[in-house]
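Asker: Got final.txt for you, compact mmCIF, C-alpha atoms:
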```
# COMPACT_ATOMS: atom_id res chain seq x y z
CA ARG X 13 20.88 -81.80 201.70
CA GLU X 14 23.02 -84.71 202.86
CA ASN X 15 19.90 -86.60 203.96
CA GLY X 16 18.52 -86.27 200.43
CA ILE X 17 21.71 -87.75 199.00
CA CYS X 18 21.56 -90.63 201.48
CA LEU X 19 17.94 -91.30 200.56
CA TRP X 20 18.78 -91.44 196.84
CA ALA X 21 21.75 -93.71 197.57
CA VAL X 22 19.53 -96.12 199.51
CA ILE X 23 16.90 -96.11 196.76
CA ILE X 24 19.50 -96.82 194.06
CA ILE X 25 21.16 -99.59 196.07
CA CYS X 26 17.78 -101.23 196.76
CA LEU X 27 16.89 -100.99 193.07
CA GLU X 28 20.18 -102.71 192.18
CA TRP X 29 19.54 -105.50 194.70
CA ILE X 30 15.96 -106.03 193.55
CA THR X 31 17.08 -106.05 189.91
CA MET X 32 19.78 -108.61 190.65
CA PHE X 33 17.24 -110.81 192.43
CA CYS X 34 14.74 -110.50 189.57
CA SER X 35 17.26 -111.13 186.81
CA GLN X 36 18.85 -114.12 188.53
CA ASN X 37 15.51 -115.53 189.66
CA ASN X 38 14.22 -115.24 186.11
CA GLN X 39 16.94 -117.62 184.94
CA THR X 40 16.00 -120.30 187.45
CA ASN X 41 12.27 -120.09 186.67
CA GLN X 42 12.61 -121.37 183.10
CA GLU X 43 11.10 -124.77 182.44
CA GLY X 44 13.12 -127.57 180.86
CA ASP X 45 16.29 -126.53 179.05
CA GLN X 46 15.13 -122.97 178.33
CA HIS X 47 17.78 -121.15 180.34
CA VAL X 48 17.84 -117.65 178.91
CA HIS X 49 20.57 -115.30 180.11
CA TRP X 50 19.19 -112.09 181.61
CA LYS X 51 21.08 -109.91 179.10
CA ASP X 52 19.57 -111.73 176.12
CA VAL X 53 16.45 -109.55 175.99
CA ASN X 54 15.57 -110.37 172.37
CA ARG X 55 15.54 -114.12 172.98
CA LYS X 56 13.94 -113.61 176.39
CA SER X 57 11.08 -111.61 174.92
CA ALA X 58 10.42 -114.33 172.34
CA GLU X 59 10.39 -117.11 174.95
CA SER X 60 9.09 -115.32 178.04
CA GLU X 61 5.79 -116.01 179.66
CA THR X 62 4.67 -112.41 179.41
CA LYS X 63 5.63 -111.95 175.75
CA ASN X 64 6.71 -108.39 176.58
CA THR X 65 9.03 -107.04 173.97
CA PRO X 66 11.60 -104.82 175.61
CA PRO X 67 11.36 -101.08 175.01
CA PHE X 68 13.79 -99.60 172.52
CA TRP X 69 16.04 -98.17 175.25
CA VAL X 70 16.46 -101.61 176.87
CA GLU X 71 17.32 -103.21 173.53
CA ALA X 72 19.72 -100.38 172.75
CA VAL X 73 21.56 -100.78 176.06
CA PHE X 74 21.87 -104.58 175.76
CA LYS X 75 22.76 -104.52 172.04
CA ASN X 76 26.00 -106.38 171.34
CA ASN X 77 26.57 -107.08 175.05
CA PHE X 78 26.63 -103.39 175.98
CA HIS X 79 28.99 -102.62 173.07
CA SER X 80 26.78 -99.81 171.81
CA LEU X 81 26.68 -96.11 172.61
CA PRO X 82 23.66 -96.43 174.97
CA GLY X 83 25.25 -99.52 176.57
CA ILE X 84 28.55 -97.76 177.21
CA PHE X 85 26.70 -94.70 178.47
CA ALA X 86 24.62 -96.79 180.90
CA ILE X 87 27.63 -98.71 182.20
CA TYR X 88 29.57 -95.46 182.59
CA GLY X 89 26.72 -94.05 184.67
CA LEU X 90 26.32 -97.25 186.66
CA PHE X 91 29.95 -97.23 187.81
CA MET X 92 30.91 -93.56 187.70
CA ALA X 93 27.87 -91.89 189.33
CA PRO X 94 28.67 -93.19 192.83
CA PHE X 95 32.38 -92.49 192.38
CA GLY X 96 31.67 -89.05 190.96
CA THR X 97 29.35 -88.20 193.84
CA TYR X 98 32.05 -89.19 196.32
CA ILE X 99 34.67 -87.12 194.49
CA TRP X 100 32.34 -84.15 194.24
CA TYR X 101 31.55 -84.05 197.95
CA ALA X 102 35.02 -85.01 199.15
CA ASP X 103 36.51 -82.30 196.97
CA ARG X 104 34.14 -79.68 198.34
CA LEU X 105 35.27 -80.56 201.86
CA HIS X 106 39.01 -80.97 201.43
CA LYS X 107 40.04 -80.04 197.85
CA THR X 108 42.49 -82.95 197.92
CA THR X 109 41.05 -85.57 195.58
CA TRP X 110 43.28 -86.56 192.70
CA PRO X 111 40.62 -85.98 190.00
CA SER X 112 40.24 -82.40 191.18
CA GLN X 113 43.97 -81.93 190.82
CA LEU X 114 43.93 -83.31 187.26
CA LEU X 115 40.72 -81.80 185.90
CA SER X 116 39.19 -78.39 186.02
CA GLU X 117 36.04 -77.93 188.08
CA ARG X 118 34.03 -77.45 184.89
CA ASN X 119 35.27 -80.70 183.33
CA MET X 120 34.63 -82.62 186.54
CA SER X 121 31.12 -81.20 186.68
CA ILE X 122 30.44 -82.27 183.08
CA LEU X 123 31.75 -85.80 183.70
CA ILE X 124 29.74 -86.20 186.90
CA LYS X 125 26.51 -84.85 185.40
CA THR X 126 26.99 -87.12 182.39
CA SER X 127 27.41 -90.06 184.74
CA TYR X 128 24.11 -89.13 186.44
CA ALA X 129 22.35 -89.20 183.08
CA GLY X 130 23.90 -92.60 182.36
CA ARG X 131 22.83 -93.83 185.80
CA PHE X 132 19.29 -92.66 185.05
CA LEU X 133 19.34 -94.76 181.86
CA SER X 134 20.61 -97.75 183.88
CA ALA X 135 17.82 -97.23 186.41
CA MET X 136 15.23 -97.22 183.64
CA VAL X 137 16.59 -100.54 182.34
CA GLU X 138 16.62 -101.96 185.88
CA LEU X 139 13.03 -100.86 186.44
CA TRP X 140 11.96 -102.52 183.20
CA LEU X 141 13.70 -105.78 184.19
CA CYS X 142 11.84 -105.72 187.53
CA TYR X 143 8.56 -104.92 185.76
CA ASP X 144 9.08 -107.78 183.31
CA HIS X 145 9.89 -110.20 186.13
CA LEU X 146 6.79 -109.16 188.06
CA GLY X 147 4.71 -109.65 184.92
CA GLY X 148 6.08 -113.18 184.61
CA ILE X 149 5.17 -113.94 188.21
CA ILE X 150 1.62 -112.72 187.62
CA VAL X 151 1.24 -114.84 184.46
CA ARG X 152 2.56 -117.96 186.24
CA ASP X 153 0.21 -117.31 189.15
CA LYS X 154 -2.78 -116.98 186.80
CA ARG X 155 -1.83 -120.24 185.05
CA HIS X 156 -1.51 -121.98 188.40
CA HIS X 157 -4.97 -120.78 189.46
CA MET X 158 -6.46 -121.83 186.10
CA LYS X 159 -4.98 -125.33 186.50
CA GLN X 160 -6.44 -125.58 189.99
CA LYS X 161 -9.89 -124.59 188.71
CA ASP X 162 -9.69 -127.17 185.90
CA SER X 163 -8.71 -129.95 188.32
```
Please lay out the structure from this file as structure tokens.
Answerer:
Amino acid sequence: RENGICLWAVIIICLEWITMFCSQNNQTNQEGDQHVHWKDVNRKSAESETKNTPPFWVEAVFKNNFHSLPGIFAIYGLFMAPFGTYIWYADRLHKTTWPSQLLSERNMSILIKTSYAGRFLSAMVELWLCYDHLGGIIVRDKRHHMKQKDS
């Protein structure tokens, strides 16, 4: 069971690293003065090379700079899922964590499971950002090949 948790942790960490690379690399690949911040998905979709409009869940998370219910939920999951997992397993071993002394086991379970759902939403947004970045790379590559054929 612990190996399964380690595998999921590695997958999530790798997804976060890949997403950070894609989102930051996307900013530097803009031509001219078109520097679009990675959180500005509405402007990005209008000016991107792939012309992909973000799915509704991505727009909902990024709406008002994460100041929306889905945005707060995703950020809660992003930060609390790892912490909650640590608390959950440390508490099962030692019963000495401060959250377990403040909250009932039922309330802790609800908060941790809610954080997992929020982390799932964050992962879906991260996967879309990676997908969008990959689509941009493919479009740029096709344009490059077309220019080479025309030359």
Asker: Counting only C-alpha atoms, which residues have an atom no more than 12 Å from (28.2, -93.7, 183.0) in the file's coordinates? Please list them as an MDAnalysis selection string.
Answerer: chainID X and resid 73 81:96 122:135
Asker: In Å to one decimal, how far is atom CA of Leu141 of chain X from atom CA of Cys34 of chain X?
Answerer: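 Distance between the two atoms: 7.2 Å.
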Asker: Could you put an axis-aligned box around every listed atom of segment 120-124 of chain X, padded by 5 Å on each side, and send me its centre and edge lengths in Å to one decimal, as lines of an AutoDock Vina configuration file?
Answerer:
```
center_x = 32.2
center_y = -83.7
center_z = 185.0
size_x = 14.9
size_y = 15.0
size_z = 13.8
```
Asker: Write out as a ChimeraX atom specification the residues lying within 10 Å of Trp140 of chain X, counting all atoms listed in the file and excluding same-chain residues fewer than 6 positions away.
Answerer: /X:31,66-67,69-70,134,146
Asker: X:Ile99, X:Cys18, X:Ile30, X:Ile24: which is nearest Tyr143 of chain X, counting all atoms listed in the file?
Answerer: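 Going through X:Ile99, X:Cys18, X:Ile30, X:Ile24 one by one, the smallest distance to Tyr143 of chain X is for X:Ile30.
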Asker: To one decimal place in Å, what is the distance between atom CA of Glu28 of chain X and atom CA of Glu138 of chain X?
Answerer: 7.3 Å
Asker: Between atom CA of Leu27 of chain X and atom CA of Leu139 of chain X, what distance in Å does the model show, to one decimal?
Answerer: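 Separation between atom CA of Leu27 of chain X and atom CA of Leu139 of chain X: 7.7 Å.
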Asker: Could you tell me which of X:Asn37, X:Met32, X:Thr97, X:Ser121 comes closest to Ile149 of chain X if we count only C-alpha atoms?
Answerer: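 Residue with the minimum atom-to-atom distance to Ile149 of chain X: X:Asn37.
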